[in-house]
>>> print(open('entry.txt').read())   # compact mmCIF, C-alpha atoms
# COMPACT_ATOMS: atom_id res chain seq x y z
CA MET A 1 0.00 0.00 0.00
CA LEU A 2 1.25 3.47 -0.84
CA PRO A 3 1.89 5.93 1.97
CA LYS A 4 -0.50 8.84 2.19
CA ASN A 5 0.80 12.07 0.81
CA GLN A 6 1.25 15.01 3.16
CA VAL A 7 -1.70 16.97 1.74
CA GLU A 8 -4.03 14.08 2.39
CA GLN A 9 -2.66 13.58 5.91
CA LYS A 10 -3.10 17.26 6.76
CA PHE A 11 -6.59 17.27 5.30
CA GLU A 12 -7.57 14.26 7.41
CA GLN A 13 -6.07 15.83 10.53
CA VAL A 14 -8.12 19.00 9.96
CA LEU A 15 -11.25 16.89 9.41
CA PHE A 16 -10.58 14.98 12.61
CA LEU A 17 -9.93 18.15 14.61
CA SER A 18 -13.10 19.74 13.24
CA ARG A 19 -15.12 17.64 15.67
CA TRP A 20 -14.09 20.17 18.34
CA LEU A 21 -16.28 22.74 16.60
CA MET A 22 -19.16 20.88 18.29
CA ALA A 23 -17.82 21.65 21.80
CA PRO A 24 -19.33 25.18 21.98
CA MET A 25 -22.67 23.70 20.93
CA TYR A 26 -22.55 21.27 23.83
CA MET A 27 -21.71 24.19 26.15
CA GLY A 28 -24.80 25.91 24.72
CA LEU A 29 -26.82 22.86 25.76
CA VAL A 30 -25.41 23.22 29.29
CA VAL A 31 -26.67 26.83 29.31
CA THR A 32 -30.04 25.61 28.01
CA LEU A 33 -30.15 23.04 30.83
CA GLY A 34 -29.59 25.89 33.28
CA MET A 35 -32.42 27.83 31.61
CA LEU A 36 -34.75 24.85 32.03
CA MET A 37 -33.78 24.62 35.69
CA VAL A 38 -34.61 28.32 36.21
CA VAL A 39 -38.01 27.88 34.51
CA PHE A 40 -38.66 24.74 36.58
CA LEU A 41 -37.81 26.50 39.86
CA ARG A 42 -39.81 29.61 38.85
CA ASP A 43 -42.89 27.49 38.04
CA LEU A 44 -42.47 25.38 41.17
CA TRP A 45 -42.29 28.52 43.33
CA LYS A 46 -45.25 30.15 41.57
CA TYR A 47 -47.46 27.07 41.97
CA ALA A 48 -46.29 26.33 45.52
CA LEU A 49 -47.52 29.77 46.57
CA GLN A 50 -50.94 28.98 45.04
CA ILE A 51 -51.30 25.48 46.46
CA MET A 52 -54.02 26.36 48.99
CA THR A 53 -56.32 27.68 46.25
CA MET A 54 -55.69 24.97 43.63
CA SER A 55 -58.03 22.13 42.75
CA ALA A 56 -56.80 18.55 42.37
CA GLU A 57 -57.01 18.90 38.56
CA GLN A 58 -54.86 22.03 38.68
CA VAL A 59 -52.26 20.25 40.81
CA ILE A 60 -52.20 17.40 38.29
CA LEU A 61 -51.65 19.92 35.48
CA VAL A 62 -48.82 21.50 37.48
CA ALA A 63 -47.28 18.06 38.02
CA LEU A 64 -47.52 17.34 34.29
CA THR A 65 -45.89 20.70 33.51
CA LEU A 66 -43.00 19.95 35.88
CA ILE A 67 -42.65 16.40 34.51
CA ASP A 68 -42.58 17.88 31.01
CA LEU A 69 -39.72 20.21 31.98
CA THR A 70 -37.87 17.34 33.68
CA LEU A 71 -38.18 15.11 30.60
CA ALA A 72 -36.89 17.93 28.42
CA ALA A 73 -33.92 18.31 30.79
CA ASN A 74 -33.30 14.55 30.69
CA LEU A 75 -33.39 14.72 26.91
CA LEU A 76 -30.81 17.51 26.96
CA LEU A 77 -28.52 15.44 29.22
CA ILE A 78 -28.78 12.41 26.96
CA VAL A 79 -27.92 14.49 23.89
CA LEU A 80 -25.19 16.35 25.75
CA PHE A 81 -23.33 13.33 27.13
CA SER A 82 -23.99 10.86 24.33
CA GLY A 83 -23.37 13.39 21.59
CA TYR A 84 -20.14 14.58 23.13
CA GLU A 85 -18.86 11.05 23.71
CA ASN A 86 -19.93 9.81 20.26
CA PHE A 87 -18.80 12.76 18.19
CA VAL A 88 -16.16 14.75 20.10
CA SER A 89 -14.25 12.93 22.83
CA LYS A 90 -14.67 10.41 25.62
CA LEU A 91 -15.46 11.85 29.04
CA GLU A 92 -12.57 10.75 31.21
CA ILE A 93 -13.43 12.15 34.60
CA ASP A 94 -13.02 10.88 38.14
CA ASP A 95 -16.67 10.61 39.09
CA GLY A 96 -16.16 8.63 42.28
CA GLY A 97 -18.29 5.78 40.88
CA ASP A 98 -21.26 8.08 40.27
CA ARG A 99 -21.25 7.67 36.49
CA PRO A 100 -24.66 6.60 35.15
CA ASP A 101 -24.63 3.10 33.59
CA TRP A 102 -25.80 4.32 30.18
CA MET A 103 -22.95 6.83 29.76
CA GLY A 104 -20.38 5.64 27.27
CA THR A 105 -22.68 2.90 26.00
CA VAL A 106 -25.27 4.88 24.03
CA ASP A 107 -24.32 4.78 20.37
CA PHE A 108 -25.93 6.86 17.62
CA SER A 109 -28.71 4.32 17.14
CA GLY A 110 -29.44 4.25 20.88
CA LEU A 111 -29.34 8.04 20.98
CA LYS A 112 -31.96 8.22 18.21
CA MET A 113 -34.23 5.84 20.09
CA LYS A 114 -33.84 7.71 23.39
CA LEU A 115 -34.54 10.99 21.60
CA ILE A 116 -37.71 9.80 19.90
CA ALA A 117 -38.92 8.10 23.09
CA SER A 118 -38.42 11.34 25.01
CA ILE A 119 -40.14 13.38 22.30
CA VAL A 120 -43.11 10.97 22.31
CA ALA A 121 -43.32 11.18 26.12
CA ILE A 122 -43.14 14.99 26.10
CA SER A 123 -45.73 15.17 23.33
CA GLY A 124 -47.98 12.72 25.18
CA ILE A 125 -47.80 14.78 28.38
CA HIS A 126 -48.55 17.96 26.42
CA LEU A 127 -51.55 16.25 24.81
CA LEU A 128 -52.78 14.93 28.17
CA LYS A 129 -52.57 18.45 29.61
CA ARG A 130 -54.67 19.78 26.73
CA PHE A 131 -57.28 17.04 27.22
CA MET A 132 -57.44 17.76 30.95
CA GLU A 133 -58.09 21.42 30.17
CA ILE A 134 -61.18 20.66 28.05
CA GLY A 135 -64.07 22.59 29.56
CA ASP A 136 -61.78 25.27 31.01
CA SER A 137 -62.94 28.50 29.37
CA VAL A 138 -59.43 29.99 29.19
CA ALA A 139 -57.98 26.81 27.66
CA ASP A 140 -60.96 26.41 25.32
CA ALA A 141 -60.34 29.93 24.02
CA LYS A 142 -56.72 28.99 23.30
CA PHE A 143 -57.15 25.41 22.11
CA GLY A 144 -60.25 24.64 20.13
CA GLU A 145 -61.27 21.46 18.37
CA THR A 146 -58.95 22.14 15.41
CA GLU A 147 -55.92 22.68 17.65
CA LEU A 148 -56.64 19.47 19.60
CA TYR A 149 -56.99 17.58 16.32
CA TRP A 150 -53.55 18.79 15.21
CA PHE A 151 -52.03 17.99 18.63
CA VAL A 152 -53.24 14.39 18.19
CA VAL A 153 -52.00 14.22 14.58
CA ILE A 154 -48.57 15.56 15.57
CA HIS A 155 -48.35 13.17 18.53
CA LEU A 156 -49.29 10.20 16.34
CA THR A 157 -46.67 11.33 13.81
CA PHE A 158 -44.05 11.17 16.57
CA VAL A 159 -45.28 7.73 17.64
CA VAL A 160 -45.26 6.37 14.07
CA SER A 161 -41.79 7.88 13.50
CA GLY A 162 -40.55 6.17 16.64
CA VAL A 163 -41.96 2.83 15.58
CA MET A 164 -40.42 3.22 12.11
CA LEU A 165 -37.00 4.13 13.58
CA ALA A 166 -37.18 1.11 15.90
CA ALA A 167 -38.14 -1.13 12.98
CA MET A 168 -35.24 0.22 10.88
CA ASP A 169 -32.79 -0.39 13.74
CA TRP A 170 -34.20 -3.88 14.28
CA LEU A 171 -33.84 -4.68 10.57
CA SER A 172 -30.32 -3.26 10.54
CA VAL A 173 -29.24 -5.41 13.50
CA ARG A 174 -30.96 -8.43 12.01
CA SER A 175 -29.25 -8.01 8.62
CA ALA A 176 -25.87 -7.48 10.28
CA LYS A 177 -26.18 -10.87 12.02
CA LYS A 178 -26.57 -12.70 8.70
>>> encode(input="entry.txt", output="structure tokens")
Amino acid sequence: MLPKNQVEQKFEQVLFLSRWLMAPMYMGLVVTLGMLMVVFLRDLWKYALQIMTMSAEQVILVALTLIDLTLAANLLLIVLFSGYENFVSKLEIDDGGDRPDWMGTVDFSGLKMKLIASIVAISGIHLLKRFMEIGDSVADAKFGETELYWFVVIHLTFVVSGVMLAAMDWLSVRSAKK
């Protein structure tokens, strides 16, 4: 085999180093995670002050809102850690044994599945909140029959997309075994 020429070697080195251009994007996700935490704490504080005047249905809606924010934060963490480890560099930190089991094991295929599962869960919670608000005059003014129809269509689109991605991954693994 012929040795690579110097131009090709330099080109490949630049390509390989270009993965570090993703690092600021992952830092942006850290900032976004902080933003979600601020919104979560703000909402928690706001609703905690109103707890004595809230109905059970309102408390359930608050819980769904906070779960929604938590799932979005979990999604950010999955993308942050898995994306960084898959596309930039391995995280080699002394975590004192506190490293989650999934870190370092989620490949691109697993990342896609975790992403779509999180999106489906977030969409499902959003849809459930809208259904629970049916009959509420303020919510009815915001979300009519047409909006609810499109919420369901969009949610089902996410579900079907998730099933199709899972089927494609299953077929890919199956064909690789043969």
>>> residues_around(input="entry.txt", residues="region 45-48 of chain A", least_positions_apart="6", cutoff="9 Å", atoms="all atoms listed in the file", output="list in words")
Met54, Val59 and Val62 of chain A
>>> closest_atom_pairs(input="entry.txt", of="region 40-114 of chain A", to="region 27-32 of chain A", cutoff="10 Å", atoms="only C-alpha atoms", output="tab-separated table")
residue	atom	partner	partner_atom	distance
A:Ala73	CA	A:Thr32	CA	8.7
A:Leu76	CA	A:Leu29	CA	6.8
A:Leu77	CA	A:Leu29	CA	8.4
A:Val79	CA	A:Leu29	CA	8.6
A:Leu80	CA	A:Leu29	CA	6.7
>>> closest_residue(input="entry.txt", among="A:Phe40, A:Phe81, A:Trp20, A:Tyr149", to="Asp107 (chain A)", atoms="all atoms listed in the file")
A:Phe81
>>> build_atoms(input="entry.txt", residues="region 27-45 of chain A", atoms="N, CA and C atoms", output="compact mmCIF listing (two decimals), in the frame of the given file")
# COMPACT_ATOMS: atom_id res chain seq x y z
N MET A 27 -21.68 23.20 25.07
CA MET A 27 -21.71 24.19 26.15
C MET A 27 -23.03 24.98 26.08
N GLY A 28 -23.50 25.25 24.87
CA GLY A 28 -24.80 25.91 24.72
C GLY A 28 -25.92 25.07 25.30
N LEU A 29 -25.83 23.75 25.16
CA LEU A 29 -26.82 22.86 25.76
C LEU A 29 -26.75 22.90 27.29
N VAL A 30 -25.55 23.08 27.83
CA VAL A 30 -25.41 23.22 29.29
C VAL A 30 -26.14 24.49 29.75
N VAL A 31 -25.96 25.58 28.99
CA VAL A 31 -26.67 26.83 29.31
C VAL A 31 -28.17 26.62 29.22
N THR A 32 -28.62 25.90 28.18
CA THR A 32 -30.04 25.61 28.01
C THR A 32 -30.57 24.78 29.18
N LEU A 33 -29.77 23.84 29.66
CA LEU A 33 -30.15 23.04 30.83
C LEU A 33 -30.34 23.96 32.04
N GLY A 34 -29.45 24.91 32.19
CA GLY A 34 -29.59 25.89 33.28
C GLY A 34 -30.86 26.72 33.11
N MET A 35 -31.18 27.08 31.87
CA MET A 35 -32.42 27.83 31.61
C MET A 35 -33.65 27.01 32.00
N LEU A 36 -33.63 25.72 31.65
CA LEU A 36 -34.75 24.85 32.03
C LEU A 36 -34.88 24.75 33.55
N MET A 37 -33.75 24.71 34.23
CA MET A 37 -33.78 24.62 35.69
C MET A 37 -34.40 25.90 36.27
N VAL A 38 -34.04 27.06 35.73
CA VAL A 38 -34.61 28.32 36.21
C VAL A 38 -36.12 28.34 35.99
N VAL A 39 -36.57 27.93 34.80
CA VAL A 39 -38.01 27.88 34.51
C VAL A 39 -38.70 26.90 35.45
N PHE A 40 -38.09 25.74 35.67
CA PHE A 40 -38.66 24.74 36.58
C PHE A 40 -38.82 25.32 37.98
N LEU A 41 -37.76 25.94 38.51
CA LEU A 41 -37.81 26.50 39.86
C LEU A 41 -38.81 27.66 39.94
N ARG A 42 -38.85 28.49 38.89
CA ARG A 42 -39.81 29.61 38.85
C ARG A 42 -41.25 29.08 38.91
N ASP A 43 -41.54 28.07 38.06
CA ASP A 43 -42.89 27.49 38.04
C ASP A 43 -43.21 26.80 39.35
N LEU A 44 -42.26 26.07 39.90
CA LEU A 44 -42.47 25.38 41.17
C LEU A 44 -42.80 26.39 42.26
N TRP A 45 -42.06 27.48 42.33
CA TRP A 45 -42.29 28.52 43.33
C TRP A 45 -43.67 29.16 43.13
